[in-house]
file final-v3.csv (CSV, N, CA and C atoms)
chain,number,residue,atom,x,y,z
N,1,MET,N,-9.4,-6.4,7.9
N,1,MET,CA,-9.1,-5.6,6.8
N,1,MET,C,-7.7,-5.0,7.0
N,2,ILE,N,-7.1,-4.9,5.8
N,2,ILE,CA,-5.7,-4.4,5.8
N,2,ILE,C,-5.4,-3.5,4.6
N,3,VAL,N,-4.6,-2.5,4.9
N,3,VAL,CA,-4.2,-1.6,3.8
N,3,VAL,C,-2.7,-1.9,3.6
N,4,VAL,N,-2.3,-2.3,2.4
N,4,VAL,CA,-0.9,-2.6,2.2
N,4,VAL,C,-0.3,-1.5,1.3
N,5,ASP,N,0.8,-0.9,1.9
N,5,ASP,CA,1.5,0.2,1.2
N,5,ASP,C,2.1,-0.3,-0.1
N,6,ALA,N,2.4,0.6,-1.0
N,6,ALA,CA,3.0,0.2,-2.3
N,6,ALA,C,4.4,-0.4,-2.1
N,7,SER,N,5.1,-0.1,-1.0
N,7,SER,CA,6.4,-0.6,-0.8
N,7,SER,C,6.4,-2.1,-0.7
N,8,VAL,N,5.3,-2.7,-0.1
N,8,VAL,CA,5.2,-4.1,0.1
N,8,VAL,C,4.9,-4.8,-1.3
N,9,TRP,N,4.0,-4.2,-2.0
N,9,TRP,CA,3.7,-4.7,-3.4
N,9,TRP,C,4.9,-4.7,-4.3
N,10,VAL,N,5.6,-3.6,-4.3
N,10,VAL,CA,6.8,-3.5,-5.1
N,10,VAL,C,7.8,-4.5,-4.8
N,11,SER,N,8.0,-4.7,-3.5
N,11,SER,CA,8.9,-5.8,-3.1
N,11,SER,C,8.5,-7.2,-3.5
N,12,HIS,N,7.2,-7.4,-3.4
N,12,HIS,CA,6.6,-8.7,-3.9
N,12,HIS,C,6.9,-9.0,-5.3
N,13,PHE,N,6.9,-7.9,-6.2
N,13,PHE,CA,7.1,-8.1,-7.6
N,13,PHE,C,8.5,-8.0,-8.1
N,14,THR,N,9.4,-7.6,-7.2
N,14,THR,CA,10.8,-7.3,-7.6
N,14,THR,C,11.7,-8.3,-6.9
N,15,ILE,N,12.2,-9.3,-7.7
N,15,ILE,CA,13.0,-10.4,-7.1
N,15,ILE,C,14.2,-9.9,-6.5
N,16,GLN,N,14.8,-8.8,-7.0
N,16,GLN,CA,16.1,-8.3,-6.5
N,16,GLN,C,15.9,-7.5,-5.2
N,17,ASP,N,14.7,-7.2,-4.8
N,17,ASP,CA,14.4,-6.4,-3.6
N,17,ASP,C,14.8,-7.2,-2.4
N,18,SER,N,15.4,-6.6,-1.4
N,18,SER,CA,15.8,-7.3,-0.2
N,18,SER,C,14.6,-7.9,0.6
N,19,ASN,N,13.4,-7.3,0.4
N,19,ASN,CA,12.2,-7.8,1.1
N,19,ASN,C,11.3,-8.6,0.2
N,20,HIS,N,11.8,-9.1,-0.9
N,20,HIS,CA,11.0,-9.8,-1.9
N,20,HIS,C,10.4,-11.1,-1.3
N,21,LEU,N,11.2,-11.9,-0.7
N,21,LEU,CA,10.7,-13.2,-0.2
N,21,LEU,C,9.7,-13.0,0.9
N,22,THR,N,10.0,-12.1,1.8
N,22,THR,CA,9.2,-11.8,3.0
N,22,THR,C,7.8,-11.3,2.5
N,23,SER,N,7.9,-10.4,1.5
N,23,SER,CA,6.6,-9.8,1.0
N,23,SER,C,5.8,-10.9,0.3
N,24,LEU,N,6.5,-11.7,-0.6
N,24,LEU,CA,5.8,-12.7,-1.3
N,24,LEU,C,5.1,-13.7,-0.4
N,25,ARG,N,5.8,-14.2,0.6
N,25,ARG,CA,5.3,-15.2,1.6
N,25,ARG,C,4.1,-14.6,2.4
N,26,TRP,N,4.3,-13.3,2.9
N,26,TRP,CA,3.3,-12.7,3.7
N,26,TRP,C,2.0,-12.4,2.9
N,27,LEU,N,2.2,-11.9,1.7
N,27,LEU,CA,1.0,-11.6,0.9
N,27,LEU,C,0.2,-12.9,0.5
N,28,THR,N,1.0,-14.0,0.2
N,28,THR,CA,0.4,-15.3,-0.1
N,28,THR,C,-0.4,-15.8,1.1
N,29,HIS,N,0.3,-15.7,2.3
N,29,HIS,CA,-0.4,-16.1,3.5
N,29,HIS,C,-1.7,-15.3,3.8
N,30,MET,N,-1.7,-14.0,3.6
N,30,MET,CA,-2.8,-13.2,3.8
N,30,MET,C,-4.0,-13.5,2.8
N,31,VAL,N,-3.6,-13.8,1.6
N,31,VAL,CA,-4.6,-14.2,0.6
N,31,VAL,C,-5.2,-15.5,1.0
N,32,ASN,N,-4.4,-16.5,1.5
N,32,ASN,CA,-4.9,-17.8,1.9
N,32,ASN,C,-5.7,-17.7,3.2
N,33,GLN,N,-5.5,-16.7,4.0
N,33,GLN,CA,-6.3,-16.4,5.2
N,33,GLN,C,-7.6,-15.7,4.8
N,34,GLN,N,-7.8,-15.4,3.6
N,34,GLN,CA,-9.0,-14.7,3.1
N,34,GLN,C,-9.1,-13.3,3.7
N,35,THR,N,-8.0,-12.6,3.8
N,35,THR,CA,-8.0,-11.2,4.3
N,35,THR,C,-8.5,-10.3,3.3
N,36,GLU,N,-9.3,-9.3,3.7
N,36,GLU,CA,-9.8,-8.3,2.8
N,36,GLU,C,-8.7,-7.2,2.7
N,37,PHE,N,-8.4,-6.9,1.5
N,37,PHE,CA,-7.4,-5.8,1.2
N,37,PHE,C,-8.1,-4.6,0.8
N,38,LEU,N,-7.7,-3.4,1.4
N,38,LEU,CA,-8.3,-2.1,0.9
N,38,LEU,C,-7.2,-1.4,0.2
N,39,LEU,N,-7.5,-0.9,-1.0
N,39,LEU,CA,-6.5,-0.4,-1.9
N,39,LEU,C,-6.9,1.1,-2.3
N,40,PRO,N,-6.1,2.1,-1.9
N,40,PRO,CA,-6.3,3.4,-2.5
N,40,PRO,C,-5.8,3.3,-4.0
N,41,PRO,N,-6.5,3.9,-4.9
N,41,PRO,CA,-6.1,3.8,-6.3
N,41,PRO,C,-4.7,4.4,-6.6
N,42,LEU,N,-4.3,5.3,-5.7
N,42,LEU,CA,-2.9,5.8,-5.8
N,42,LEU,C,-1.9,4.7,-5.9
N,43,LEU,N,-2.1,3.6,-5.2
N,43,LEU,CA,-1.2,2.5,-5.2
N,43,LEU,C,-0.9,1.9,-6.6
N,44,LEU,N,-1.8,1.9,-7.4
N,44,LEU,CA,-1.6,1.4,-8.8
N,44,LEU,C,-0.5,2.1,-9.5
N,45,SER,N,-0.6,3.5,-9.5
N,45,SER,CA,0.4,4.2,-10.2
N,45,SER,C,1.7,4.2,-9.5
N,46,GLU,N,1.7,4.1,-8.2
N,46,GLU,CA,3.0,4.0,-7.5
N,46,GLU,C,3.7,2.7,-7.8
N,47,VAL,N,3.0,1.6,-7.8
N,47,VAL,CA,3.6,0.3,-8.1
N,47,VAL,C,4.0,0.2,-9.6
N,48,ALA,N,3.2,0.6,-10.5
N,48,ALA,CA,3.5,0.6,-11.9
N,48,ALA,C,4.8,1.4,-12.2
N,49,GLY,N,4.8,2.6,-11.6
N,49,GLY,CA,6.0,3.5,-11.9
N,49,GLY,C,7.2,3.0,-11.2
N,50,ALA,N,7.1,2.5,-10.0
N,50,ALA,CA,8.3,2.0,-9.3
N,50,ALA,C,8.9,0.8,-10.0
N,51,ILE,N,8.1,-0.1,-10.5
N,51,ILE,CA,8.6,-1.3,-11.1
N,51,ILE,C,9.2,-1.0,-12.5
N,52,ALA,N,8.5,-0.1,-13.2
N,52,ALA,CA,9.0,0.3,-14.6
N,52,ALA,C,10.3,1.1,-14.4
N,53,ARG,N,10.4,1.9,-13.4
N,53,ARG,CA,11.7,2.6,-13.2
N,53,ARG,C,12.8,1.7,-12.9
N,54,ARG,N,12.5,0.7,-12.0
N,54,ARG,CA,13.6,-0.2,-11.5
N,54,ARG,C,14.1,-1.1,-12.6
N,55,THR,N,13.1,-1.5,-13.4
N,55,THR,CA,13.5,-2.5,-14.5
N,55,THR,C,13.7,-1.9,-15.8
N,56,GLY,N,13.2,-0.7,-16.1
N,56,GLY,CA,13.3,-0.1,-17.4
N,56,GLY,C,12.3,-0.7,-18.4
N,57,VAL,N,11.4,-1.5,-17.9
N,57,VAL,CA,10.4,-2.2,-18.7
N,57,VAL,C,9.0,-1.8,-18.3
N,58,ALA,N,8.3,-1.0,-19.1
N,58,ALA,CA,7.0,-0.5,-18.7
N,58,ALA,C,6.0,-1.7,-18.6
N,59,GLU,N,6.1,-2.7,-19.4
N,59,GLU,CA,5.2,-3.8,-19.4
N,59,GLU,C,5.2,-4.5,-18.1
N,60,LEU,N,6.3,-4.6,-17.4
N,60,LEU,CA,6.4,-5.2,-16.1
N,60,LEU,C,5.6,-4.4,-15.0
N,61,GLY,N,5.6,-3.1,-15.2
N,61,GLY,CA,4.7,-2.3,-14.3
N,61,GLY,C,3.2,-2.5,-14.6
N,62,HIS,N,2.9,-2.6,-15.9
N,62,HIS,CA,1.5,-2.9,-16.2
N,62,HIS,C,1.1,-4.3,-15.7
N,63,HIS,N,2.0,-5.3,-15.9
N,63,HIS,CA,1.7,-6.6,-15.4
N,63,HIS,C,1.4,-6.7,-13.9
N,64,ALA,N,2.3,-6.0,-13.1
N,64,ALA,CA,2.1,-6.0,-11.7
N,64,ALA,C,0.7,-5.4,-11.3
N,65,VAL,N,0.3,-4.3,-11.9
N,65,VAL,CA,-1.0,-3.7,-11.7
N,65,VAL,C,-2.1,-4.8,-12.0
N,66,GLY,N,-2.0,-5.4,-13.1
N,66,GLY,CA,-3.0,-6.5,-13.4
N,66,GLY,C,-3.0,-7.6,-12.4
N,67,GLN,N,-1.9,-8.0,-11.9
N,67,GLN,CA,-1.8,-9.0,-10.9
N,67,GLN,C,-2.5,-8.5,-9.5
N,68,ILE,N,-2.2,-7.3,-9.2
N,68,ILE,CA,-2.8,-6.7,-7.9
N,68,ILE,C,-4.3,-6.7,-8.0
N,69,LEU,N,-4.8,-6.3,-9.2
N,69,LEU,CA,-6.2,-6.2,-9.3
N,69,LEU,C,-7.0,-7.5,-9.4
N,70,THR,N,-6.2,-8.6,-9.5
N,70,THR,CA,-6.8,-10.0,-9.4
N,70,THR,C,-6.8,-10.6,-8.0
N,71,THR,N,-6.2,-9.8,-7.1
N,71,THR,CA,-6.1,-10.3,-5.7
N,71,THR,C,-7.5,-10.6,-5.1
N,72,PRO,N,-7.7,-11.8,-4.6
N,72,PRO,CA,-9.0,-12.0,-4.0
N,72,PRO,C,-9.3,-11.1,-2.8
N,73,ARG,N,-10.5,-10.7,-2.7
N,73,ARG,CA,-11.0,-9.9,-1.6
N,73,ARG,C,-10.3,-8.5,-1.6
N,74,LEU,N,-10.0,-8.0,-2.7
N,74,LEU,CA,-9.4,-6.7,-2.9
N,74,LEU,C,-10.5,-5.7,-3.2
N,75,ARG,N,-10.5,-4.6,-2.4
N,75,ARG,CA,-11.5,-3.5,-2.6
N,75,ARG,C,-10.8,-2.2,-2.9
N,76,VAL,N,-11.0,-1.6,-4.0
N,76,VAL,CA,-10.5,-0.3,-4.4
N,76,VAL,C,-11.3,0.8,-3.7
N,77,ILE,N,-10.7,1.6,-2.9
N,77,ILE,CA,-11.4,2.6,-2.1
N,77,ILE,C,-11.3,3.9,-2.8
N,78,SER,N,-12.4,4.6,-3.0
N,78,SER,CA,-12.4,5.9,-3.6
N,78,SER,C,-11.8,6.9,-2.6
N,79,ILE,N,-11.0,7.8,-3.1
N,79,ILE,CA,-10.5,8.9,-2.3
N,79,ILE,C,-11.5,10.1,-2.5
N,80,ASP,N,-12.4,10.2,-1.6
N,80,ASP,CA,-13.4,11.3,-1.7
N,80,ASP,C,-12.9,12.4,-0.9
N,81,SER,N,-13.7,13.5,-0.8
N,81,SER,CA,-13.2,14.7,-0.1
N,81,SER,C,-13.0,14.4,1.4
N,82,VAL,N,-13.7,13.5,2.0
N,82,VAL,CA,-13.5,13.2,3.5
N,82,VAL,C,-12.2,12.6,3.7
N,83,VAL,N,-11.8,11.6,2.9
N,83,VAL,CA,-10.5,10.9,3.0
N,83,VAL,C,-9.4,11.8,2.6
N,84,GLY,N,-9.7,12.6,1.6
N,84,GLY,CA,-8.7,13.6,1.1
N,84,GLY,C,-8.3,14.6,2.2
N,85,GLN,N,-9.4,15.1,2.9
N,85,GLN,CA,-9.1,16.1,3.9
N,85,GLN,C,-8.5,15.5,5.1
N,86,LEU,N,-8.9,14.3,5.5
N,86,LEU,CA,-8.2,13.6,6.6
N,86,LEU,C,-6.7,13.3,6.2
N,87,ALA,N,-6.4,12.9,5.0
N,87,ALA,CA,-5.1,12.7,4.6
N,87,ALA,C,-4.3,14.0,4.7
N,88,ALA,N,-4.9,15.1,4.3
N,88,ALA,CA,-4.2,16.4,4.4
N,88,ALA,C,-3.9,16.8,5.8
N,89,GLN,N,-4.8,16.5,6.7
N,89,GLN,CA,-4.6,16.8,8.1
N,89,GLN,C,-3.5,15.9,8.7
N,90,LEU,N,-3.6,14.6,8.4
N,90,LEU,CA,-2.6,13.7,8.8
N,90,LEU,C,-1.2,14.0,8.3
N,91,ALA,N,-1.1,14.5,7.0
N,91,ALA,CA,0.2,14.8,6.4
N,91,ALA,C,0.8,16.0,7.2
N,92,ALA,N,0.0,16.9,7.6
N,92,ALA,CA,0.5,18.1,8.4
N,92,ALA,C,0.8,17.7,9.8
N,93,ASP,N,-0.2,17.1,10.5
N,93,ASP,CA,0.0,16.8,11.9
N,93,ASP,C,1.1,15.7,12.2
N,94,LEU,N,1.2,14.8,11.3
N,94,LEU,CA,2.1,13.7,11.6
N,94,LEU,C,3.4,13.8,10.7
N,95,ARG,N,3.5,14.9,9.9
N,95,ARG,CA,4.6,15.1,9.1
N,95,ARG,C,4.9,14.0,8.1
N,96,LEU,N,3.8,13.5,7.5
N,96,LEU,CA,3.9,12.4,6.5
N,96,LEU,C,4.0,13.0,5.1
N,97,ARG,N,4.6,12.2,4.2
N,97,ARG,CA,4.6,12.5,2.8
N,97,ARG,C,3.1,12.4,2.4
N,98,GLY,N,2.7,13.1,1.3
N,98,GLY,CA,1.4,13.1,0.8
N,98,GLY,C,0.8,11.7,0.5
N,99,ALA,N,1.6,10.9,-0.2
N,99,ALA,CA,1.1,9.6,-0.6
N,99,ALA,C,1.0,8.7,0.7
N,100,ASP,N,1.9,8.8,1.6
N,100,ASP,CA,1.9,8.0,2.8
N,100,ASP,C,0.6,8.4,3.6
N,101,ALA,N,0.3,9.6,3.6
N,101,ALA,CA,-0.9,10.1,4.4
N,101,ALA,C,-2.2,9.5,3.8
N,102,ILE,N,-2.2,9.3,2.5
N,102,ILE,CA,-3.4,8.6,1.9
N,102,ILE,C,-3.6,7.2,2.4
N,103,TYR,N,-2.5,6.4,2.5
N,103,TYR,CA,-2.6,5.1,3.1
N,103,TYR,C,-3.1,5.1,4.5
N,104,VAL,N,-2.5,6.0,5.3
N,104,VAL,CA,-2.9,6.1,6.7
N,104,VAL,C,-4.3,6.5,6.9
N,105,ALA,N,-4.8,7.5,6.0
N,105,ALA,CA,-6.2,8.0,6.1
N,105,ALA,C,-7.1,6.8,5.8
N,106,VAL,N,-6.8,6.1,4.8
N,106,VAL,CA,-7.7,4.9,4.4
N,106,VAL,C,-7.8,3.9,5.5
N,107,ALA,N,-6.6,3.6,6.1
N,107,ALA,CA,-6.6,2.6,7.2
N,107,ALA,C,-7.4,3.2,8.4
N,108,HIS,N,-7.2,4.4,8.7
N,108,HIS,CA,-7.9,5.0,9.8
N,108,HIS,C,-9.4,5.0,9.5
N,109,GLN,N,-9.8,5.5,8.4
N,109,GLN,CA,-11.2,5.6,8.0
N,109,GLN,C,-12.0,4.3,8.1
N,110,TYR,N,-11.3,3.2,7.7
N,110,TYR,CA,-11.9,1.9,7.7
N,110,TYR,C,-11.5,1.0,8.9
N,111,GLN,N,-10.8,1.6,9.8
N,111,GLN,CA,-10.3,0.8,11.0
N,111,GLN,C,-9.6,-0.4,10.6
N,112,ALA,N,-8.7,-0.2,9.7
N,112,ALA,CA,-7.9,-1.3,9.1
N,112,ALA,C,-6.4,-1.2,9.6
N,113,SER,N,-5.7,-2.2,9.6
N,113,SER,CA,-4.2,-2.2,9.9
N,113,SER,C,-3.5,-1.7,8.6
N,114,LEU,N,-2.3,-1.1,8.8
N,114,LEU,CA,-1.5,-0.7,7.7
N,114,LEU,C,-0.2,-1.5,7.7
N,115,VAL,N,0.2,-2.0,6.6
N,115,VAL,CA,1.5,-2.7,6.5
N,115,VAL,C,2.3,-2.0,5.4
N,116,SER,N,3.6,-1.8,5.8
N,116,SER,CA,4.5,-1.0,5.0
N,116,SER,C,5.9,-1.4,5.3
N,117,TRP,N,6.8,-1.2,4.3
N,117,TRP,CA,8.2,-1.3,4.6
N,117,TRP,C,8.8,0.0,4.9
N,118,ASP,N,8.0,1.1,4.9
N,118,ASP,CA,8.5,2.4,5.1
N,118,ASP,C,8.5,2.7,6.6
N,119,ARG,N,9.6,2.6,7.3
N,119,ARG,CA,9.7,2.8,8.7
N,119,ARG,C,9.2,4.1,9.2
N,120,GLU,N,9.5,5.2,8.5
N,120,GLU,CA,9.0,6.5,8.8
N,120,GLU,C,7.5,6.5,8.8
N,121,GLN,N,6.9,6.0,7.8
N,121,GLN,CA,5.4,5.9,7.7
N,121,GLN,C,4.8,5.2,8.9
N,122,ILE,N,5.4,4.1,9.2
N,122,ILE,CA,4.9,3.2,10.4
N,122,ILE,C,5.1,4.0,11.7
N,123,GLN,N,6.2,4.6,11.9
N,123,GLN,CA,6.5,5.3,13.2
N,123,GLN,C,5.6,6.5,13.3
N,124,ARG,N,5.4,7.3,12.3
N,124,ARG,CA,4.7,8.5,12.4
N,124,ARG,C,3.2,8.3,12.4
N,125,SER,N,2.7,7.2,11.9
N,125,SER,CA,1.3,6.9,11.9
N,125,SER,C,0.8,6.1,13.1
N,126,ALA,N,1.7,5.7,14.0
N,126,ALA,CA,1.4,4.8,15.1
N,126,ALA,C,0.3,5.3,16.0
N,127,SER,N,0.2,6.6,16.1
N,127,SER,CA,-0.9,7.2,17.0
N,127,SER,C,-2.3,7.1,16.3
N,128,MET,N,-2.3,6.8,15.0
N,128,MET,CA,-3.6,6.8,14.3
N,128,MET,C,-4.1,5.5,13.9
N,129,VAL,N,-3.2,4.6,13.6
N,129,VAL,CA,-3.5,3.2,13.1
N,129,VAL,C,-2.6,2.2,13.6
N,130,THR,N,-3.0,1.0,13.6
N,130,THR,CA,-2.1,-0.1,13.9
N,130,THR,C,-1.3,-0.4,12.6
N,131,ALA,N,0.0,-0.2,12.7
N,131,ALA,CA,0.9,-0.2,11.6
N,131,ALA,C,2.1,-1.2,11.8
N,132,PHE,N,2.4,-2.0,10.8
N,132,PHE,CA,3.4,-3.0,10.9
N,132,PHE,C,4.4,-2.8,9.7
call {"tool": "encode", "arguments": {"input": "final-v3.csv", "output": "structure tokens"}}
result
Amino acid sequence: MIVVDASVWVSHFTIQDSNHLTSLRWLTHMVNQQTEFLLPPLLLSEVAGAIARRTGVAELGHHAVGQILTTPRLRVISIDSVVGQLAAQLAADLRLRGADAIYVAVAHQYQASLVSWDREQIQRSASMVTAF
């Protein structure tokens, strides 16, 4: 199981992004390996907003969300009070941004790896999850 941060998905959908090809190839490989993806619902708004802001085209943000939701073996994880409280604790203890803490909390709760282009998120969460 793996939790993929919005930064990787945004790169995947943004041709001009410096990490586009790497993200595209890696996500394709993981899908072909039948990897289970865990998705906090927050990711959908992060990806839609980031792509719409970068391109100025709202429909591209909507399209990206639709594509993500068709990913095989994708499971949307509800953020209940347990995960929410864990995320709050991690945000404070590890000095993470709130959204970053949600991804780390989901990865920790489900004993999944975390993949992100956010170096700070990876470094600060290393004591709690396996992060790449």
call {"tool": "atom_distance", "arguments": {"input": "final-v3.csv", "atom1": "atom C of N:Ser78", "atom2": "atom N of N:Ser113"}}
result
16.4 Å
call {"tool": "closest_residue", "arguments": {"input": "final-v3.csv", "among": "N:Asn19, N:Ala105, N:Phe132, N:Ala52", "to": "N:Asp118", "atoms": "all atoms listed in the file"}}
result
N:Phe132
call {"tool": "residues_around", "arguments": {"input": "final-v3.csv", "residues": "N:Thr22", "least_positions_apart": "5", "cutoff": "8 Å", "atoms": "all atoms listed in the file", "output": "PyMOL selection string"}}
result
chain N and resi 11-12+27-28
call {"tool": "residues_around", "arguments": {"input": "final-v3.csv", "residues": "N:Phe13", "least_positions_apart": "2", "cutoff": "8 Å", "atoms": "only C-alpha atoms", "output": "PyMOL selection string"}}
result
chain N and resi 9-11+15+20+24+51+64
call {"tool": "residues_around", "arguments": {"input": "final-v3.csv", "residues": "N:Leu38", "least_positions_apart": "6", "cutoff": "5 Å", "atoms": "only N, CA and C atoms", "output": "VMD selection string"}}
result
chain N and resid 2 to 3 75
call {"tool": "closest_residue", "arguments": {"input": "final-v3.csv", "among": "N:Glu59, N:Arg53, N:Tyr103, N:Leu74", "to": "N:Ala6", "atoms": "all atoms listed in the file"}}
result
N:Tyr103
call {"tool": "closest_residue", "arguments": {"input": "final-v3.csv", "among": "N:Thr55, N:Ile102, N:Ser116, N:Thr35", "to": "N:Thr130", "atoms": "only C-alpha atoms"}}
result
N:Ser116
call {"tool": "atom_distance", "arguments": {"input": "final-v3.csv", "atom1": "atom CA of N:Ile77", "atom2": "atom CA of N:Pro40"}}
result
5.2 Å
call {"tool": "atom_distance", "arguments": {"input": "final-v3.csv", "atom1": "atom C of N:Thr14", "atom2": "atom C of N:Ala50"}}
result
10.0 Å
call {"tool": "closest_residue", "arguments": {"input": "final-v3.csv", "among": "N:Asp5, N:Arg97, N:Val83, N:Gln67", "to": "N:Gln109", "atoms": "all atoms listed in the file"}}
result
N:Val83
call {"tool": "select_by_dssp", "arguments": {"input": "final-v3.csv", "residues": "stretch 64-98 of chain N", "states": "helix (DSSP H, G or I)", "output": "PyMOL selection string"}}
result
chain N and resi 64-69+81-94+98
call {"tool": "select_by_dssp", "arguments": {"input": "final-v3.csv", "residues": "chain N", "states": "strand (DSSP E or B)", "output": "number ranges by chain"}}
result
N: 2-4, 37-39, 74-76, 113-115, 131
call {"tool": "write_last_selection", "arguments": {"input": "final-v3.csv", "atoms": "N, CA and C atoms", "output": "compact mmCIF listing (two decimals), in the frame of the given file"}}
result
# COMPACT_ATOMS: atom_id res chain seq x y z
N ILE N 2 -7.10 -4.90 5.80
CA ILE N 2 -5.70 -4.40 5.80
C ILE N 2 -5.40 -3.50 4.60
N VAL N 3 -4.60 -2.50 4.90
CA VAL N 3 -4.20 -1.60 3.80
C VAL N 3 -2.70 -1.90 3.60
N VAL N 4 -2.30 -2.30 2.40
CA VAL N 4 -0.90 -2.60 2.20
C VAL N 4 -0.30 -1.50 1.30
N PHE N 37 -8.40 -6.90 1.50
CA PHE N 37 -7.40 -5.80 1.20
C PHE N 37 -8.10 -4.60 0.80
N LEU N 38 -7.70 -3.40 1.40
CA LEU N 38 -8.30 -2.10 0.90
C LEU N 38 -7.20 -1.40 0.20
N LEU N 39 -7.50 -0.90 -1.00
CA LEU N 39 -6.50 -0.40 -1.90
C LEU N 39 -6.90 1.10 -2.30
N LEU N 74 -10.00 -8.00 -2.70
CA LEU N 74 -9.40 -6.70 -2.90
C LEU N 74 -10.50 -5.70 -3.20
N ARG N 75 -10.50 -4.60 -2.40
CA ARG N 75 -11.50 -3.50 -2.60
C ARG N 75 -10.80 -2.20 -2.90
N VAL N 76 -11.00 -1.60 -4.00
CA VAL N 76 -10.50 -0.30 -4.40
C VAL N 76 -11.30 0.80 -3.70
N SER N 113 -5.70 -2.20 9.60
CA SER N 113 -4.20 -2.20 9.90
C SER N 113 -3.50 -1.70 8.60
N LEU N 114 -2.30 -1.10 8.80
CA LEU N 114 -1.50 -0.70 7.70
C LEU N 114 -0.20 -1.50 7.70
N VAL N 115 0.20 -2.00 6.60
CA VAL N 115 1.50 -2.70 6.50
C VAL N 115 2.30 -2.00 5.40
N ALA N 131 0.00 -0.20 12.70
CA ALA N 131 0.90 -0.20 11.60
C ALA N 131 2.10 -1.20 11.80
call {"tool": "closest_residue", "arguments": {"input": "final-v3.csv", "among": "N:Gln89, N:Gln33, N:Ser7, N:Ser18", "to": "N:Val115", "atoms": "only N, CA and C atoms"}}
result
N:Ser7
call {"tool": "closest_residue", "arguments": {"input": "final-v3.csv", "among": "N:Pro72, N:Gly66, N:Gly84, N:Gly61", "to": "N:Phe37", "atoms": "all atoms listed in the file"}}
result
N:Pro72
